[in-house]
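**Q** You'll find target_34.cif just under this line, and it carries mmCIF, C-alpha atoms.
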```
data_model
loop_
_atom_site.label_atom_id
_atom_site.label_comp_id
_atom_site.auth_asym_id
_atom_site.auth_seq_id
_atom_site.Cartn_x
_atom_site.Cartn_y
_atom_site.Cartn_z
CA MET E 1 -20.90 -178.49 -211.74
CA ASN E 2 -18.36 -180.13 -214.04
CA SER E 3 -15.63 -177.96 -215.50
CA GLU E 4 -16.55 -179.10 -219.04
CA GLU E 5 -19.90 -177.35 -218.83
CA ASP E 6 -20.37 -173.79 -220.02
CA SER E 7 -18.65 -171.41 -217.60
CA THR E 8 -21.72 -169.18 -217.64
CA ALA E 9 -24.00 -172.01 -216.42
CA ALA E 10 -23.70 -170.93 -212.78
CA THR E 11 -25.34 -167.59 -213.59
CA ARG E 12 -28.27 -169.07 -215.52
CA SER E 13 -31.79 -169.21 -214.13
CA LEU E 14 -33.14 -172.36 -212.55
CA SER E 15 -35.55 -173.05 -215.43
CA THR E 16 -32.65 -172.91 -217.91
CA ILE E 17 -30.54 -175.21 -215.74
CA ALA E 18 -33.48 -177.62 -215.50
CA VAL E 19 -33.64 -177.90 -219.29
CA HIS E 20 -29.97 -177.74 -220.24
CA GLY E 21 -28.07 -178.70 -217.09
CA GLY E 22 -26.14 -181.96 -217.10
CA LYS E 23 -25.70 -182.23 -220.86
CA ARG E 24 -22.38 -183.11 -222.46
CA THR E 25 -22.22 -182.22 -226.15
CA HIS E 26 -19.74 -184.99 -226.94
CA GLU E 27 -22.23 -187.57 -225.64
CA GLN E 28 -24.92 -186.50 -228.14
CA PRO E 29 -24.40 -188.70 -231.22
CA PHE E 30 -25.50 -187.38 -234.62
CA GLY E 31 -26.10 -183.98 -233.05
CA SER E 32 -29.20 -185.21 -231.23
CA VAL E 33 -30.95 -182.64 -229.03
CA VAL E 34 -32.12 -185.31 -226.57
CA ALA E 35 -29.49 -187.62 -225.11
CA PRO E 36 -30.00 -191.32 -225.89
CA VAL E 37 -30.51 -193.98 -223.25
CA PHE E 38 -27.34 -196.02 -222.82
CA HIS E 39 -28.73 -199.44 -221.97
CA SER E 40 -25.36 -201.17 -222.27
CA THR E 41 -24.33 -202.85 -219.04
CA ILE E 42 -20.67 -203.12 -220.04
CA TYR E 43 -18.11 -200.96 -221.84
CA GLY E 44 -14.98 -202.17 -223.58
CA PHE E 45 -11.43 -200.82 -223.43
CA GLU E 46 -9.31 -199.98 -226.44
CA SER E 47 -6.20 -201.44 -224.86
CA PHE E 48 -4.82 -203.17 -221.78
CA ALA E 49 -3.17 -199.88 -220.81
CA GLU E 50 -6.54 -198.12 -220.86
CA MET E 51 -8.03 -200.81 -218.62
CA ARG E 52 -5.13 -200.41 -216.20
CA ARG E 53 -5.57 -196.64 -216.09
CA TYR E 54 -9.27 -197.06 -215.39
CA ALA E 55 -8.60 -199.53 -212.58
CA ARG E 56 -6.19 -197.03 -211.03
CA GLY E 57 -8.85 -194.30 -211.08
CA GLU E 58 -7.09 -192.24 -213.72
CA LEU E 59 -9.97 -192.15 -216.24
CA LYS E 60 -12.75 -190.37 -214.38
CA GLU E 61 -15.01 -189.98 -217.43
CA SER E 62 -14.70 -193.54 -218.73
CA TYR E 63 -17.24 -196.33 -218.23
CA PHE E 64 -16.69 -199.98 -217.39
CA TYR E 65 -19.81 -201.54 -215.83
CA SER E 66 -23.17 -199.78 -215.47
CA ARG E 67 -23.54 -200.54 -211.78
CA TYR E 68 -20.45 -198.38 -211.27
CA ALA E 69 -21.36 -195.60 -213.70
CA ASN E 70 -23.45 -195.04 -216.82
CA PRO E 71 -23.66 -192.07 -219.23
CA THR E 72 -27.44 -191.70 -218.91
CA VAL E 73 -27.30 -191.91 -215.13
CA ALA E 74 -24.44 -189.41 -215.06
CA GLU E 75 -26.53 -186.84 -216.96
CA ALA E 76 -29.30 -187.04 -214.37
CA GLU E 77 -26.72 -186.65 -211.60
CA ARG E 78 -25.09 -183.60 -213.18
CA LYS E 79 -28.48 -181.99 -213.75
CA LEU E 80 -29.53 -182.45 -210.12
CA ALA E 81 -26.19 -181.18 -208.82
CA ALA E 82 -26.61 -178.05 -210.93
CA LEU E 83 -30.17 -177.52 -209.68
CA GLU E 84 -29.14 -177.86 -206.02
CA GLY E 85 -25.98 -175.81 -206.42
CA ALA E 86 -23.94 -178.81 -205.28
CA GLU E 87 -20.49 -179.99 -206.28
CA SER E 88 -21.79 -183.45 -207.03
CA ALA E 89 -24.82 -185.74 -206.81
CA VAL E 90 -25.63 -189.44 -206.97
CA VAL E 91 -28.94 -190.99 -207.98
CA THR E 92 -30.19 -194.27 -206.55
CA SER E 93 -32.90 -196.86 -207.11
CA SER E 94 -35.32 -195.18 -204.67
CA GLY E 95 -35.60 -192.50 -202.02
CA SER E 96 -35.17 -195.17 -199.36
CA ALA E 97 -31.97 -196.34 -201.02
CA ALA E 98 -30.72 -192.74 -201.06
CA THR E 99 -31.51 -192.41 -197.35
CA PHE E 100 -29.68 -195.59 -196.43
CA CYS E 101 -26.62 -194.77 -198.54
CA ALA E 102 -26.46 -191.18 -197.26
CA LEU E 103 -26.35 -192.35 -193.64
CA ALA E 104 -24.28 -195.47 -194.18
CA ALA E 105 -21.60 -193.28 -195.75
CA LEU E 106 -21.29 -191.46 -192.42
CA CYS E 107 -21.85 -194.11 -189.76
CA GLU E 108 -20.34 -197.33 -188.48
CA ALA E 109 -21.09 -199.58 -185.52
CA GLY E 110 -21.23 -197.57 -182.30
CA ASP E 111 -22.15 -194.29 -183.99
CA GLU E 112 -25.41 -192.39 -183.56
CA VAL E 113 -27.93 -190.62 -185.78
CA ILE E 114 -30.14 -187.83 -184.43
CA ALA E 115 -33.28 -187.06 -186.40
CA CYS E 116 -36.37 -184.93 -186.01
CA GLU E 117 -39.58 -186.61 -184.86
CA THR E 118 -41.40 -185.12 -187.83
CA ILE E 119 -39.55 -186.94 -190.64
CA TYR E 120 -41.10 -189.33 -193.16
CA GLY E 121 -42.17 -192.61 -191.59
CA GLY E 122 -40.07 -194.70 -193.95
CA THR E 123 -36.95 -192.79 -192.95
CA THR E 124 -37.72 -193.42 -189.29
CA ARG E 125 -37.88 -197.14 -190.02
CA ILE E 126 -34.57 -197.11 -191.90
CA ILE E 127 -32.86 -195.34 -189.02
CA GLU E 128 -34.36 -197.57 -186.32
CA GLU E 129 -34.79 -200.96 -187.97
CA VAL E 130 -32.05 -201.08 -190.61
CA LEU E 131 -29.20 -199.02 -189.16
CA GLY E 132 -30.09 -200.37 -185.72
CA ARG E 133 -29.19 -203.87 -186.94
CA PHE E 134 -25.63 -202.66 -187.38
CA ASN E 135 -25.39 -201.18 -183.88
CA ILE E 136 -25.97 -197.62 -185.05
CA SER E 137 -28.13 -195.99 -182.40
CA SER E 138 -30.66 -193.22 -182.91
CA ARG E 139 -32.53 -190.51 -181.06
CA PHE E 140 -35.44 -188.36 -182.21
CA ILE E 141 -35.90 -184.76 -181.17
CA SER E 142 -38.53 -182.09 -181.72
CA ILE E 143 -38.06 -179.21 -184.13
CA GLU E 144 -37.97 -176.91 -181.10
CA ASP E 145 -34.90 -178.78 -179.80
CA ILE E 146 -32.77 -178.18 -182.91
CA PRO E 147 -31.00 -175.10 -181.41
CA ASN E 148 -29.97 -177.36 -178.50
CA LEU E 149 -28.24 -179.86 -180.80
CA PRO E 150 -24.74 -178.94 -179.49
CA GLU E 151 -25.85 -180.01 -176.00
CA ILE E 152 -27.85 -183.02 -177.21
CA ALA E 153 -25.19 -184.52 -179.48
CA ARG E 154 -22.71 -187.02 -178.10
CA GLU E 155 -19.14 -187.85 -179.01
CA ARG E 156 -20.20 -190.44 -181.57
CA THR E 157 -23.17 -188.58 -183.03
CA ARG E 158 -22.38 -188.47 -186.72
CA ALA E 159 -25.49 -187.20 -188.51
CA PHE E 160 -28.50 -184.97 -187.98
CA TRP E 161 -31.42 -185.70 -190.32
CA PHE E 162 -34.51 -183.54 -190.80
CA GLU E 163 -36.96 -182.42 -193.44
CA THR E 164 -38.62 -179.12 -194.22
CA PRO E 165 -41.50 -178.78 -194.95
CA THR E 166 -42.39 -181.89 -192.99
CA ASN E 167 -44.60 -184.75 -194.11
CA PRO E 168 -47.57 -184.40 -193.88
CA THR E 169 -48.33 -181.27 -191.82
CA ASN E 170 -45.90 -178.80 -193.42
CA ARG E 171 -43.97 -177.77 -190.32
CA LEU E 172 -40.85 -175.79 -191.18
CA VAL E 173 -37.28 -175.92 -189.93
CA ASP E 174 -35.07 -172.84 -190.01
CA LEU E 175 -32.31 -174.04 -192.36
CA ALA E 176 -29.67 -171.54 -191.29
CA GLN E 177 -30.35 -172.24 -187.62
CA ALA E 178 -30.17 -176.01 -188.15
CA ALA E 179 -26.94 -175.69 -190.12
CA GLU E 180 -25.31 -173.60 -187.41
CA ALA E 181 -26.45 -175.93 -184.62
CA ALA E 182 -25.05 -178.95 -186.48
CA ARG E 183 -21.79 -177.13 -187.20
CA VAL E 184 -21.26 -176.24 -183.55
CA ALA E 185 -22.17 -179.81 -182.56
CA ASN E 186 -19.68 -181.14 -185.16
CA VAL E 187 -22.46 -183.22 -186.70
CA PHE E 188 -23.10 -183.71 -190.42
CA SER E 189 -26.47 -182.20 -191.41
CA ILE E 190 -28.76 -183.73 -194.06
CA THR E 191 -32.16 -182.46 -195.07
CA ASP E 192 -34.85 -184.21 -197.07
CA ASN E 193 -35.72 -181.61 -199.71
CA THR E 194 -38.41 -183.69 -201.43
CA PHE E 195 -41.36 -181.43 -200.59
CA ALA E 196 -39.67 -178.15 -201.49
CA THR E 197 -37.36 -179.19 -204.35
CA PRO E 198 -34.51 -176.87 -205.40
CA VAL E 199 -37.15 -174.70 -207.06
CA LEU E 200 -38.42 -173.48 -203.68
CA GLN E 201 -35.30 -173.78 -201.52
CA ARG E 202 -31.64 -174.75 -201.82
CA PRO E 203 -30.52 -175.94 -198.36
CA LEU E 204 -26.82 -176.14 -199.25
CA GLY E 205 -26.82 -172.37 -199.65
CA HIS E 206 -27.96 -172.07 -196.02
CA GLY E 207 -25.05 -174.17 -194.76
CA ILE E 208 -26.64 -177.63 -194.72
CA ASN E 209 -24.07 -180.31 -195.60
CA ALA E 210 -26.16 -182.50 -197.90
CA VAL E 211 -29.59 -182.81 -199.49
CA MET E 212 -31.62 -185.96 -200.12
CA HIS E 213 -34.58 -186.43 -202.46
CA SER E 214 -37.18 -189.05 -203.11
CA ALA E 215 -36.80 -188.36 -206.82
CA THR E 216 -39.91 -190.45 -207.40
CA LYS E 217 -41.85 -187.33 -206.46
CA TYR E 218 -41.36 -183.86 -207.94
CA LEU E 219 -38.03 -184.48 -209.67
CA GLY E 220 -39.46 -187.29 -211.80
CA GLY E 221 -42.81 -185.55 -211.77
CA HIS E 222 -45.00 -188.02 -213.67
CA SER E 223 -45.54 -190.94 -211.29
CA ASP E 224 -43.68 -193.27 -213.65
CA VAL E 225 -40.20 -193.60 -212.18
CA THR E 226 -38.86 -194.71 -208.80
CA ALA E 227 -35.58 -193.03 -207.84
CA GLY E 228 -33.67 -191.27 -205.09
CA ALA E 229 -30.84 -188.76 -204.96
CA VAL E 230 -28.23 -187.23 -202.67
CA ALA E 231 -26.35 -183.98 -203.40
CA GLY E 232 -23.41 -182.40 -201.58
CA THR E 233 -19.65 -182.03 -201.76
CA SER E 234 -17.65 -184.19 -204.15
CA GLU E 235 -15.89 -185.91 -201.24
CA TYR E 236 -19.10 -186.85 -199.47
CA ILE E 237 -20.93 -187.93 -202.62
CA ALA E 238 -17.99 -190.19 -203.53
CA ARG E 239 -18.56 -191.98 -200.21
CA VAL E 240 -22.30 -192.23 -200.81
CA ARG E 241 -21.71 -193.50 -204.34
CA ARG E 242 -19.38 -196.23 -203.09
CA ILE E 243 -22.11 -197.51 -200.75
CA ALA E 244 -24.64 -197.40 -203.59
CA VAL E 245 -22.33 -199.30 -205.95
CA LEU E 246 -21.38 -201.93 -203.39
CA THR E 247 -24.98 -202.58 -202.33
CA GLY E 248 -26.41 -202.41 -205.86
CA ALA E 249 -28.59 -199.40 -205.03
CA THR E 250 -27.67 -197.58 -208.25
CA LEU E 251 -30.29 -196.39 -210.74
CA ASP E 252 -31.20 -198.17 -213.97
CA PRO E 253 -30.43 -196.14 -217.15
CA ALA E 254 -34.06 -196.19 -218.37
CA ALA E 255 -35.23 -194.79 -215.03
CA ALA E 256 -32.42 -192.21 -215.12
CA TYR E 257 -33.61 -191.07 -218.54
CA LEU E 258 -37.15 -190.55 -217.22
CA LEU E 259 -35.75 -188.70 -214.21
CA ALA E 260 -33.61 -186.36 -216.33
CA ARG E 261 -36.57 -185.73 -218.63
CA GLY E 262 -38.83 -185.01 -215.66
CA MET E 263 -36.39 -182.48 -214.22
CA LYS E 264 -36.57 -180.44 -217.44
CA THR E 265 -40.07 -179.29 -216.50
CA LEU E 266 -39.46 -179.18 -212.74
CA GLU E 267 -39.84 -175.44 -212.25
CA VAL E 268 -42.99 -174.99 -214.32
CA ARG E 269 -44.65 -177.98 -212.63
CA VAL E 270 -43.70 -176.93 -209.11
CA ARG E 271 -44.87 -173.36 -209.66
CA ALA E 272 -48.21 -174.58 -211.03
CA SER E 273 -48.60 -176.96 -208.11
CA CYS E 274 -47.88 -174.14 -205.65
CA GLU E 275 -50.52 -171.92 -207.24
CA ASN E 276 -53.08 -174.71 -207.03
CA ALA E 277 -52.14 -175.50 -203.43
CA MET E 278 -52.63 -171.89 -202.35
CA ARG E 279 -56.07 -171.68 -203.92
CA PHE E 280 -56.97 -175.08 -202.50
CA ALA E 281 -55.86 -174.18 -198.96
CA GLN E 282 -57.79 -170.91 -199.08
CA ALA E 283 -60.90 -172.70 -200.36
CA LEU E 284 -60.89 -175.26 -197.53
CA ARG E 285 -60.01 -172.88 -194.72
CA GLY E 286 -63.20 -172.18 -192.84
CA HIS E 287 -65.11 -175.07 -194.41
CA GLU E 288 -67.52 -176.43 -191.81
CA LYS E 289 -66.24 -179.98 -192.26
CA VAL E 290 -62.52 -179.11 -192.04
CA SER E 291 -61.19 -178.32 -188.57
CA ARG E 292 -57.67 -177.26 -189.63
CA VAL E 293 -55.63 -176.60 -192.77
CA TYR E 294 -51.84 -177.07 -192.70
CA TYR E 295 -50.24 -174.88 -195.36
CA PRO E 296 -47.43 -172.33 -194.85
CA GLY E 297 -48.85 -170.11 -197.56
CA LEU E 298 -51.71 -169.10 -195.27
CA GLU E 299 -50.82 -165.96 -193.33
CA ASP E 300 -52.01 -167.40 -190.02
CA ASP E 301 -49.95 -170.57 -190.42
CA PRO E 302 -47.18 -170.84 -187.77
CA GLY E 303 -44.54 -171.32 -190.46
CA HIS E 304 -45.64 -168.53 -192.78
CA ALA E 305 -42.98 -165.97 -191.84
CA LEU E 306 -40.18 -168.54 -192.02
CA ALA E 307 -41.44 -169.83 -195.36
CA ARG E 308 -41.40 -166.32 -196.79
CA ARG E 309 -37.83 -165.88 -195.55
CA GLN E 310 -36.22 -169.09 -196.81
CA MET E 311 -38.49 -170.36 -199.60
CA SER E 312 -39.53 -168.90 -202.95
CA GLY E 313 -42.95 -170.56 -202.76
CA PHE E 314 -45.07 -172.45 -200.27
CA GLY E 315 -45.16 -175.91 -201.82
CA GLY E 316 -47.73 -178.13 -203.46
CA VAL E 317 -48.82 -180.17 -200.42
CA VAL E 318 -51.78 -179.28 -198.22
CA ALA E 319 -52.83 -181.33 -195.19
CA VAL E 320 -56.14 -180.98 -193.39
CA ASP E 321 -57.81 -182.33 -190.29
CA LEU E 322 -61.38 -183.30 -191.04
CA VAL E 323 -64.16 -182.80 -188.54
CA GLY E 324 -64.34 -186.46 -187.61
CA GLY E 325 -62.03 -189.45 -187.54
CA GLU E 326 -61.35 -192.54 -189.59
CA ALA E 327 -65.01 -193.23 -190.42
CA GLU E 328 -65.45 -189.72 -191.83
CA ALA E 329 -62.12 -189.89 -193.69
CA GLU E 330 -63.18 -193.17 -195.28
CA ARG E 331 -66.47 -191.78 -196.52
CA PHE E 332 -64.76 -188.63 -197.77
CA LEU E 333 -62.03 -190.47 -199.69
CA ASP E 334 -64.53 -192.89 -201.23
CA ALA E 335 -66.67 -189.97 -202.44
CA LEU E 336 -63.89 -188.33 -204.47
CA LYS E 337 -64.28 -188.62 -208.25
CA LEU E 338 -61.36 -186.73 -209.80
CA VAL E 339 -58.74 -186.81 -207.05
CA ARG E 340 -57.15 -190.25 -206.71
CA CYS E 341 -56.25 -191.87 -203.39
CA ALA E 342 -52.61 -192.94 -203.72
CA PRO E 343 -49.55 -192.80 -201.42
CA SER E 344 -47.30 -190.36 -203.27
CA LEU E 345 -46.93 -186.76 -204.39
CA GLY E 346 -45.19 -184.55 -206.90
CA GLY E 347 -46.87 -185.84 -210.05
CA VAL E 348 -48.96 -183.87 -212.52
CA GLU E 349 -52.13 -185.35 -211.03
CA THR E 350 -53.65 -184.40 -207.68
CA LEU E 351 -53.45 -187.20 -205.13
CA VAL E 352 -54.84 -187.66 -201.63
CA SER E 353 -53.44 -189.98 -198.98
CA TYR E 354 -54.34 -191.04 -195.45
CA PRO E 355 -51.11 -190.89 -193.39
CA LEU E 356 -52.40 -193.24 -190.69
CA TYR E 357 -52.47 -196.05 -193.25
CA SER E 358 -49.60 -194.94 -195.48
CA SER E 359 -46.55 -192.88 -194.45
CA HIS E 360 -47.18 -193.34 -190.70
CA ASN E 361 -48.78 -196.76 -190.68
CA GLY E 362 -47.86 -198.72 -187.54
CA PHE E 363 -46.62 -195.71 -185.58
CA SER E 364 -47.24 -195.62 -181.85
CA ASP E 365 -49.54 -193.09 -180.20
CA GLU E 366 -46.50 -191.09 -179.06
CA GLN E 367 -44.91 -191.09 -182.52
CA LEU E 368 -48.16 -189.98 -184.15
CA ARG E 369 -48.59 -187.13 -181.69
CA ALA E 370 -45.01 -186.00 -182.32
CA ALA E 371 -45.63 -186.05 -186.07
CA GLY E 372 -48.93 -184.21 -185.67
CA VAL E 373 -50.88 -187.02 -187.34
CA SER E 374 -54.30 -188.23 -186.20
CA ALA E 375 -57.18 -190.28 -187.57
CA ALA E 376 -58.61 -187.01 -188.91
CA THR E 377 -55.52 -186.08 -190.98
CA VAL E 378 -55.70 -186.22 -194.76
CA ARG E 379 -52.90 -185.09 -197.11
CA PHE E 380 -53.40 -183.60 -200.57
CA ALA E 381 -50.61 -183.33 -203.13
CA LEU E 382 -51.81 -180.81 -205.69
CA GLY E 383 -51.11 -181.49 -209.33
CA ILE E 384 -51.32 -179.15 -212.30
CA GLU E 385 -54.98 -179.60 -213.24
CA ALA E 386 -57.37 -176.66 -213.11
CA ALA E 387 -57.67 -175.64 -209.46
CA ASP E 388 -61.43 -175.10 -209.79
CA ASP E 389 -61.94 -178.72 -210.81
CA ILE E 390 -59.91 -180.03 -207.87
CA ILE E 391 -61.71 -177.79 -205.38
CA ALA E 392 -65.13 -178.72 -206.76
CA ASP E 393 -64.39 -182.43 -206.43
CA VAL E 394 -63.14 -182.12 -202.85
CA LYS E 395 -66.07 -179.93 -201.81
CA GLN E 396 -68.65 -182.31 -203.27
CA ALA E 397 -66.98 -185.17 -201.38
CA LEU E 398 -67.07 -183.18 -198.15
CA ASN E 399 -70.66 -182.12 -198.67
CA SER E 400 -71.83 -185.66 -199.38
CA ILE E 401 -70.84 -186.90 -195.93
CA ASP E 402 -72.93 -186.74 -192.80
CA PHE E 403 -70.75 -185.34 -190.01
CA LYS E 404 -73.45 -185.19 -187.33
CA ASN E 405 -72.09 -185.73 -183.82
CA SER E 406 -68.65 -186.20 -185.36
CA GLU E 407 -66.80 -184.47 -182.51
CA HIS E 408 -67.85 -187.22 -180.10
CA ARG E 409 -67.07 -189.95 -182.63
CA THR E 410 -63.68 -188.40 -183.44
CA GLN E 411 -62.40 -188.89 -179.92
CA ASP E 412 -63.65 -192.46 -179.74
CA LYS E 413 -62.38 -193.33 -183.21
CA ASN E 414 -58.97 -191.76 -182.66
CA ASN E 415 -58.52 -193.73 -179.48
CA ASP E 416 -59.55 -196.97 -181.20
CA VAL E 417 -57.28 -196.46 -184.20
CA LEU E 418 -54.24 -195.23 -182.35
CA SER E 419 -54.46 -197.97 -179.76
CA SER E 420 -54.61 -200.63 -182.44
CA GLU E 421 -51.42 -199.29 -184.02
CA SER E 422 -49.42 -199.11 -180.79
#
```
Have the structure of the file written as structure tokens, please.
**A**
Amino acid sequence: MNSEEDSTAATRSLSTIAVHGGKRTHEQPFGSVVAPVFHSTIYGFESFAEMRRYARGELKESYFYSRYANPTVAEAERKLAALEGAESAVVTSSGSAATFCALAALCEAGDEVIACETIYGGTTRIIEEVLGRFNISSRFISIEDIPNLPEIARERTRAFWFETPTNPTNRLVDLAQAAEAARVANVFSITDNTFATPVLQRPLGHGINAVMHSATKYLGGHSDVTAGAVAGTSEYIARVRRIAVLTGATLDPAAAYLLARGMKTLEVRVRASCENAMRFAQALRGHEKVSRVYYPGLEDDPGHALARRQMSGFGGVVAVDLVGGEAEAERFLDALKLVRCAPSLGGVETLVSYPLYSSHNGFSDEQLRAAGVSAATVRFALGIEAADDIIADVKQALNSIDFKNSEHRTQDKNNDVLSSES
């Protein structure tokens, strides 16, 4: 948090930080309550001497060119840093851009990244296909292997990447255990905190080195902005920022304004989503056409005890395995009337996605098994509508489908689908 901010800010509640964090009173012209959007791409100097001082890095709060820094973007960054309890943060043009910059700031040719098998499919592709082009190798381990990271890591292992809860089946990683394992292994730890947000958990407080967000999701919160973010120490974020600036992965001021505005209501939206998710998970558990519900808020969920220990809520995402396979999933999704089928989460509206054809499209049989994804898996991202309306829509869609002999068809259909994606 910047020294210019109120010294009492660190003791304020998260909801207050969400609304007021990141503001600079001297940047509010005419006493405006809401900060303006600074669309200007360039900023002039009052003198040659001022330009020289800026070029030498002596004017930290000055602006020159919006790809390097922008007042509107800076407000969003300060707000996120305050929410995560981080020294600094940088926002980027997307979550994928944030992922690339976060890892590129740590690795060079010959280095290695270790990641969990259960991470977002797009992150897997960045690690394998993009970083791999630059001779940065990668290995993927199970959540159960995290305590063995000191033995698994090699001399040139630079980063350990994981997410918790995982996408889409809500498996949890013990943050303190992961932080300690990475510390002993002398590996930089980064967690994707998109699902939980700083409302439900703050990984840096458990010893994790850095946090990444697809800010398109809960931070933006309204499905109208694409952005990413990384938070951590000032030294590390300066390295990430340099990569973002050099590659042009920085965020546009208009998008930064929407992001900062979205974060103002982050806590109330996330809490409402969590309440809906709990009711939704309870309503579907035991339904004759749902074989399994993945939600850590359920007491019999494998991650329930850990979630209670390190999170202040159980999240707004619920995954289920239908009784059936792709054919049943297709009929179910097509029968929904209120819930929209779309590949995202974290907005005010409830969305449903089919991981096999979205986040994990093109994965091999082995990768799908490691991620816990099958042709029966469907993911719901609960919004803030009335829970009864969401549940009623999903139940009518389930009840409208004929699942006769689906167990036999599931096996056949899973084999067909997974083989075609190998």
**Q** Report, in Å with one decimal, the straight-line distance from atom CA of E:Thr164 to atom CA of E:Glu75.
**A**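 Answer for the atom CA of E:Thr164 to atom CA of E:Glu75 separation: 26.9 Å.
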**Q** In Å, rounded to a single decimal, give me how far atom CA of E:His39 is from atom CA of E:Tyr68.
**A**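 About the pair atom CA of E:Tyr68 and atom CA of E:His39: they are 13.6 Å apart.
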**Q** Considering all atoms listed in the file, tabulate each residue of stretch 321-403 of chain E that lies at most 10 Å from stretch 208-231 of chain E along with its nearest interatomic pair and the corresponding distance in Å to one decimal; arrange the rows by chain and ascending residue number and present them as a Markdown table.
**A**
```
| residue | atom | partner | partner_atom | distance |
| --- | --- | --- | --- | --- |
| E:Ser344 | CA | E:Lys217 | CA | 7.0 |
| E:Leu345 | CA | E:Lys217 | CA | 5.5 |
| E:Gly346 | CA | E:Tyr218 | CA | 4.0 |
| E:Gly347 | CA | E:Gly221 | CA | 4.4 |
| E:Val348 | CA | E:His222 | CA | 5.9 |
| E:Glu349 | CA | E:His222 | CA | 8.1 |
| E:Gly383 | CA | E:Gly221 | CA | 9.6 |
```
**Q** Produce a file of the selected residues containing C-alpha atoms, as a compact mmCIF listing (two decimals), keeping the file's coordinate frame.
**A**
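Saved result, out06.txt, follows:
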```txt
# COMPACT_ATOMS: atom_id res chain seq x y z
CA SER E 344 -47.30 -190.36 -203.27
CA LEU E 345 -46.93 -186.76 -204.39
CA GLY E 346 -45.19 -184.55 -206.90
CA GLY E 347 -46.87 -185.84 -210.05
CA VAL E 348 -48.96 -183.87 -212.52
CA GLU E 349 -52.13 -185.35 -211.03
CA GLY E 383 -51.11 -181.49 -209.33
```
**Q** Using only C-alpha atoms, find the one residue out of E:Gly325, E:Gly95, E:Pro36, E:Gly315 that sits nearest to E:Ala381.
**A**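 Smallest separation from E:Ala381 among the options: E:Gly315.
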**Q** One decimal, Å: what's the distance from atom CA of E:Tyr63 over to atom CA of E:Ile17, could you say?
**A**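 Value for the atom CA of E:Tyr63-atom CA of E:Ile17 distance: 25.1 Å.
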**Q** Any chance you could resolve the PyMOL selection byres ((chain E and resi 311) around 9) against this file and give the residues as an MDAnalysis selection string?
**A** chainID E and resid 196 199:202 306:310 312:315
**Q** For the structure shown, which residues end up in the PyMOL selection byres ((chain E and resi 234-246) around 7)? Put them as a PyMOL selection string, please?
**A** chain E and resi 67-68+87-90+101-102+105+231-233+247-250
**Q** Working from the structure I just supplied, which lacks atoms in stretch 295-307 of chain E, can you model N, CA and C atoms there and output them as a PDB file, in the frame of the given file?
**A**
```pdb
ATOM      1  N   TYR E 295     -50.890-175.376-194.149  1.00  0.00           N
ATOM      2  CA  TYR E 295     -50.240-174.880-195.360  1.00  0.00           C
ATOM      3  C   TYR E 295     -49.516-173.584-195.047  1.00  0.00           C
ATOM      4  N   PRO E 296     -48.197-173.530-195.235  1.00  0.00           N
ATOM      5  CA  PRO E 296     -47.430-172.330-194.850  1.00  0.00           C
ATOM      6  C   PRO E 296     -47.744-171.103-195.681  1.00  0.00           C
ATOM      7  N   GLY E 297     -48.472-171.271-196.769  1.00  0.00           N
ATOM      8  CA  GLY E 297     -48.850-170.110-197.560  1.00  0.00           C
ATOM      9  C   GLY E 297     -49.945-169.274-196.923  1.00  0.00           C
ATOM     10  N   LEU E 298     -50.674-169.846-195.972  1.00  0.00           N
ATOM     11  CA  LEU E 298     -51.710-169.100-195.270  1.00  0.00           C
ATOM     12  C   LEU E 298     -51.057-168.178-194.238  1.00  0.00           C
ATOM     13  N   GLU E 299     -51.485-166.949-194.181  1.00  0.00           N
ATOM     14  CA  GLU E 299     -50.820-165.960-193.330  1.00  0.00           C
ATOM     15  C   GLU E 299     -50.881-166.289-191.849  1.00  0.00           C
ATOM     16  N   ASP E 300     -51.910-167.047-191.436  1.00  0.00           N
ATOM     17  CA  ASP E 300     -52.010-167.400-190.020  1.00  0.00           C
ATOM     18  C   ASP E 300     -51.344-168.731-189.701  1.00  0.00           C
ATOM     19  N   ASP E 301     -50.681-169.332-190.681  1.00  0.00           N
ATOM     20  CA  ASP E 301     -49.950-170.570-190.420  1.00  0.00           C
ATOM     21  C   ASP E 301     -48.698-170.267-189.611  1.00  0.00           C
ATOM     22  N   PRO E 302     -48.357-171.109-188.617  1.00  0.00           N
ATOM     23  CA  PRO E 302     -47.180-170.840-187.770  1.00  0.00           C
ATOM     24  C   PRO E 302     -45.870-170.726-188.542  1.00  0.00           C
ATOM     25  N   GLY E 303     -45.784-171.361-189.698  1.00  0.00           N
ATOM     26  CA  GLY E 303     -44.540-171.320-190.460  1.00  0.00           C
ATOM     27  C   GLY E 303     -44.512-170.297-191.570  1.00  0.00           C
ATOM     28  N   HIS E 304     -45.524-169.445-191.645  1.00  0.00           N
ATOM     29  CA  HIS E 304     -45.640-168.530-192.780  1.00  0.00           C
ATOM     30  C   HIS E 304     -44.456-167.574-192.891  1.00  0.00           C
ATOM     31  N   ALA E 305     -44.077-166.946-191.796  1.00  0.00           N
ATOM     32  CA  ALA E 305     -42.980-165.970-191.840  1.00  0.00           C
ATOM     33  C   ALA E 305     -41.666-166.634-192.236  1.00  0.00           C
ATOM     34  N   LEU E 306     -41.406-167.821-191.685  1.00  0.00           N
ATOM     35  CA  LEU E 306     -40.180-168.540-192.020  1.00  0.00           C
ATOM     36  C   LEU E 306     -40.191-168.961-193.485  1.00  0.00           C
ATOM     37  N   ALA E 307     -41.336-169.423-193.962  1.00  0.00           N
ATOM     38  CA  ALA E 307     -41.440-169.830-195.360  1.00  0.00           C
ATOM     39  C   ALA E 307     -41.151-168.657-196.288  1.00  0.00           C
TER      40      ALA E 307
END
```
